[in-house]
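Peer 1: First the structure, then my questions, so here it is.
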Amino acid sequence: MTPALLPSPEPGSALDVVRVWDARADRYLELFRHELDGKPFDQEVLAEFAGRVGDGGRVCDAGCGPCGHVTAMLAERGLDVLGIDLSPRCVELAGREQPGCRFEVMDQRDIRPRMPGELLDGLVSYYSLHDQPKRGLAGTLASWAEVIRPGGQLLVVAKEGTSDGVIDDPLGSDLRVYWAECTEHDLRQAAETAGFHVDDLTTRGAYDDEIPTRRIYLSATRR
């Protein structure tokens, strides 16, 4: 008897994110292992975030990916960082790449405190919002607000645009992946509605070796 085929997960769902990233994590690591070395603006933004949080602050790197380089950079700046990703393969590779850092499999839309009632001092989302439909943006930021203490810091980095649907994998695989972009207005509105005060919102153009899309950087404080 031929076994029944399981239905494909809904595009942009948690199961779909796991499917895509478990399949492409090794390729992504190969391409972007050292990406921060050539991004001085991003290094400065991450350093400023670490300075606002302060030494020893509890921080989550939401959607750490297989490189774990943002987690590592923040840890080097004196923060108590946990990198999380929905993809077990990403978490496995990040742990190998950054053996001195901590990583866990966790959905960024449902972050669990390490201790009951413990709130974060900050959260970084470095290109972690693109895998989910844009209709989920407000809910994701609202869930982050629930785990960040008043006065805690938020940093979101995202590609600017209006795309919101399934596309061919930009990494060149044969996968079809969900890809959502946002505008400055989208990010500001979602952050403010969730209970954050937007301290800075800026964009930069793409570096020569990047996809030619502007990048948005939102820094905010939990009200």
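Each chain of the structure tokens is named A, B, ... in the order shown, its residues numbered from 1; ligands are numbered from 1 in display order.
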Leaving out Thr162 in chain A and any residue of its chain fewer than 2 positions from it, which residues lie within 7 Å of it when counting only C-alpha atoms, given as an mmCIF file with N, CA, C and O atoms, in the first residue's frame?
Peer 2:
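Saved file out.cif follows:
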```cif
data_model
loop_
_atom_site.group_PDB
_atom_site.id
_atom_site.type_symbol
_atom_site.label_atom_id
_atom_site.label_comp_id
_atom_site.auth_asym_id
_atom_site.auth_seq_id
_atom_site.Cartn_x
_atom_site.Cartn_y
_atom_site.Cartn_z
ATOM 1 N N ASP A 164 5.008 40.267 0.112
ATOM 2 C CA ASP A 164 4.325 39.507 1.165
ATOM 3 C C ASP A 164 3.710 38.262 0.538
ATOM 4 O O ASP A 164 2.528 38.221 0.232
ATOM 5 N N GLU A 181 8.280 41.706 3.462
ATOM 6 C CA GLU A 181 9.048 42.913 3.747
ATOM 7 C C GLU A 181 8.144 43.909 4.467
ATOM 8 O O GLU A 181 6.939 43.672 4.615
ATOM 9 N N CYS A 182 8.706 45.003 4.915
ATOM 10 C CA CYS A 182 7.894 46.015 5.584
ATOM 11 C C CYS A 182 8.462 47.399 5.301
ATOM 12 O O CYS A 182 9.600 47.549 4.841
ATOM 13 N N THR A 183 7.657 48.392 5.574
ATOM 14 C CA THR A 183 8.074 49.778 5.422
ATOM 15 C C THR A 183 8.375 50.363 6.795
ATOM 16 O O THR A 183 8.072 49.759 7.830
#
```
Peer 1: List every residue of range 1-191 of chain A that DSSP, applied to the backbone of this structure, assigns to alpha helix (DSSP H), and report them as number ranges by chain.
Peer 2: A: 14-32, 40-53, 69-76, 88-97, 137-147, 184-191
Peer 1: With a distance cut-off of 9 Å and only C-alpha atoms, select the neighbouring residues of Leu129 in chain A, excluding the residue or stretch itself and same-chain residues fewer than 2 positions from it, and output the selection as number ranges by chain.
Peer 2: A: 63, 125-127, 131-134, 137, 140, 156-158, 179-181
Peer 1: Given only C-alpha atoms as the basis, pick out the residue of A:Gly95, A:Gly122, A:Gly139, A:Gly165 nearest to Asp61 in chain A.
Peer 2: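 That would be A:Gly122, the residue with the smallest distance to Asp61 in chain A.
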Peer 1: Residues at most 7 Å from range 149-151 of chain A, counting only C-alpha atoms, excluding those fewer than 2 positions away in the same chain, as a list of chain:residue names?
Peer 2: A:Leu119, A:Leu120, A:Asp121, A:Val147, A:Gln153, A:Thr221, A:Arg222, A:Arg223
Peer 1: Store the residues picked out above in a file with all heavy atoms, as an mmCIF file, in the first residue's frame.
Peer 2:
```
data_model
loop_
_atom_site.group_PDB
_atom_site.id
_atom_site.type_symbol
_atom_site.label_atom_id
_atom_site.label_comp_id
_atom_site.auth_asym_id
_atom_site.auth_seq_id
_atom_site.Cartn_x
_atom_site.Cartn_y
_atom_site.Cartn_z
ATOM 1 N N LEU A 119 11.669 38.925 33.205
ATOM 2 C CA LEU A 119 11.525 39.691 31.978
ATOM 3 C C LEU A 119 12.894 40.005 31.384
ATOM 4 O O LEU A 119 13.902 40.075 32.094
ATOM 5 C CB LEU A 119 10.764 40.992 32.255
ATOM 6 C CG LEU A 119 9.314 40.836 32.694
ATOM 7 C CD1 LEU A 119 8.697 42.201 32.982
ATOM 8 C CD2 LEU A 119 8.493 40.096 31.642
ATOM 9 N N LEU A 120 12.907 40.214 30.077
ATOM 10 C CA LEU A 120 14.141 40.531 29.369
ATOM 11 C C LEU A 120 14.469 42.016 29.495
ATOM 12 O O LEU A 120 13.588 42.862 29.620
ATOM 13 C CB LEU A 120 14.007 40.171 27.893
ATOM 14 C CG LEU A 120 13.777 38.706 27.539
ATOM 15 C CD1 LEU A 120 13.448 38.582 26.057
ATOM 16 C CD2 LEU A 120 15.000 37.875 27.884
ATOM 17 N N ASP A 121 15.765 42.325 29.408
ATOM 18 C CA ASP A 121 16.213 43.708 29.330
ATOM 19 C C ASP A 121 16.279 44.190 27.887
ATOM 20 O O ASP A 121 16.416 45.398 27.641
ATOM 21 C CB ASP A 121 17.594 43.852 29.984
ATOM 22 C CG ASP A 121 17.557 43.505 31.461
ATOM 23 O OD1 ASP A 121 16.788 44.141 32.200
ATOM 24 O OD2 ASP A 121 18.292 42.578 31.867
ATOM 25 N N VAL A 147 7.430 40.178 27.088
ATOM 26 C CA VAL A 147 8.579 39.555 27.763
ATOM 27 C C VAL A 147 9.732 40.540 27.982
ATOM 28 O O VAL A 147 10.789 40.156 28.476
ATOM 29 C CB VAL A 147 9.084 38.325 26.976
ATOM 30 C CG1 VAL A 147 8.027 37.241 26.961
ATOM 31 C CG2 VAL A 147 9.508 38.697 25.562
ATOM 32 N N GLN A 153 14.997 47.395 25.970
ATOM 33 C CA GLN A 153 15.322 47.856 24.628
ATOM 34 C C GLN A 153 14.935 46.851 23.545
ATOM 35 O O GLN A 153 15.024 45.637 23.734
ATOM 36 C CB GLN A 153 16.817 48.138 24.527
ATOM 37 C CG GLN A 153 17.307 49.210 25.479
ATOM 38 C CD GLN A 153 16.652 50.552 25.206
ATOM 39 O OE1 GLN A 153 16.704 51.067 24.079
ATOM 40 N NE2 GLN A 153 16.024 51.119 26.224
ATOM 41 N N THR A 221 12.116 51.666 23.012
ATOM 42 C CA THR A 221 12.120 51.387 24.445
ATOM 43 C C THR A 221 10.735 50.942 24.874
ATOM 44 O O THR A 221 9.724 51.548 24.477
ATOM 45 C CB THR A 221 12.510 52.645 25.247
ATOM 46 O OG1 THR A 221 13.807 53.089 24.834
ATOM 47 C CG2 THR A 221 12.535 52.367 26.751
ATOM 48 N N ARG A 222 10.682 49.895 25.686
ATOM 49 C CA ARG A 222 9.389 49.398 26.199
ATOM 50 C C ARG A 222 8.815 50.413 27.173
ATOM 51 O O ARG A 222 9.456 50.781 28.162
ATOM 52 C CB ARG A 222 9.614 48.057 26.904
ATOM 53 C CG ARG A 222 8.360 47.475 27.538
ATOM 54 C CD ARG A 222 7.425 46.923 26.485
ATOM 55 N NE ARG A 222 6.366 46.141 27.105
ATOM 56 C CZ ARG A 222 5.175 46.621 27.452
ATOM 57 N NH1 ARG A 222 4.883 47.896 27.239
ATOM 58 N NH2 ARG A 222 4.273 45.831 27.983
ATOM 59 N N ARG A 223 7.625 50.904 26.892
ATOM 60 C CA ARG A 223 6.971 51.869 27.755
ATOM 61 C C ARG A 223 6.475 51.210 29.030
ATOM 62 O O ARG A 223 6.180 50.018 29.038
ATOM 63 C CB ARG A 223 5.821 52.553 27.032
ATOM 64 C CG ARG A 223 6.255 53.447 25.888
ATOM 65 C CD ARG A 223 5.148 54.420 25.521
ATOM 66 N NE ARG A 223 3.976 53.722 24.957
ATOM 67 C CZ ARG A 223 3.744 53.595 23.674
ATOM 68 N NH1 ARG A 223 4.576 54.082 22.792
ATOM 69 N NH2 ARG A 223 2.667 52.954 23.236
#
```
Peer 1: Under the rule that only C-alpha atoms are counted, which of A:Leu171, A:Leu31, A:Val45, A:Leu93 is the nearest residue to Ile216 in chain A?
Peer 2: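 Closest candidate: A:Val45.
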Peer 1: Show which residues sit within 9 Å of Arg33 in chain A, as a compact mmCIF listing (two decimals) with C-alpha atoms, in the first residue's frame. Count only C-alpha atoms, and ignore same-chain residues fewer than 2 positions away.
Peer 2:
```
# COMPACT_ATOMS: atom_id res chain seq x y z
CA TYR A 28 23.15 30.06 4.64
CA LEU A 29 26.01 29.47 7.07
CA GLU A 30 28.42 29.00 4.17
CA LEU A 31 27.36 32.31 2.63
CA GLU A 35 28.73 38.86 7.08
CA LEU A 36 29.08 41.31 9.99
CA PRO A 66 22.79 29.08 11.80
CA CYS A 67 25.58 31.65 12.18
CA GLY A 68 24.83 32.86 15.70
CA HIS A 69 27.06 35.85 14.99
CA GLU A 97 29.91 28.07 15.35
```
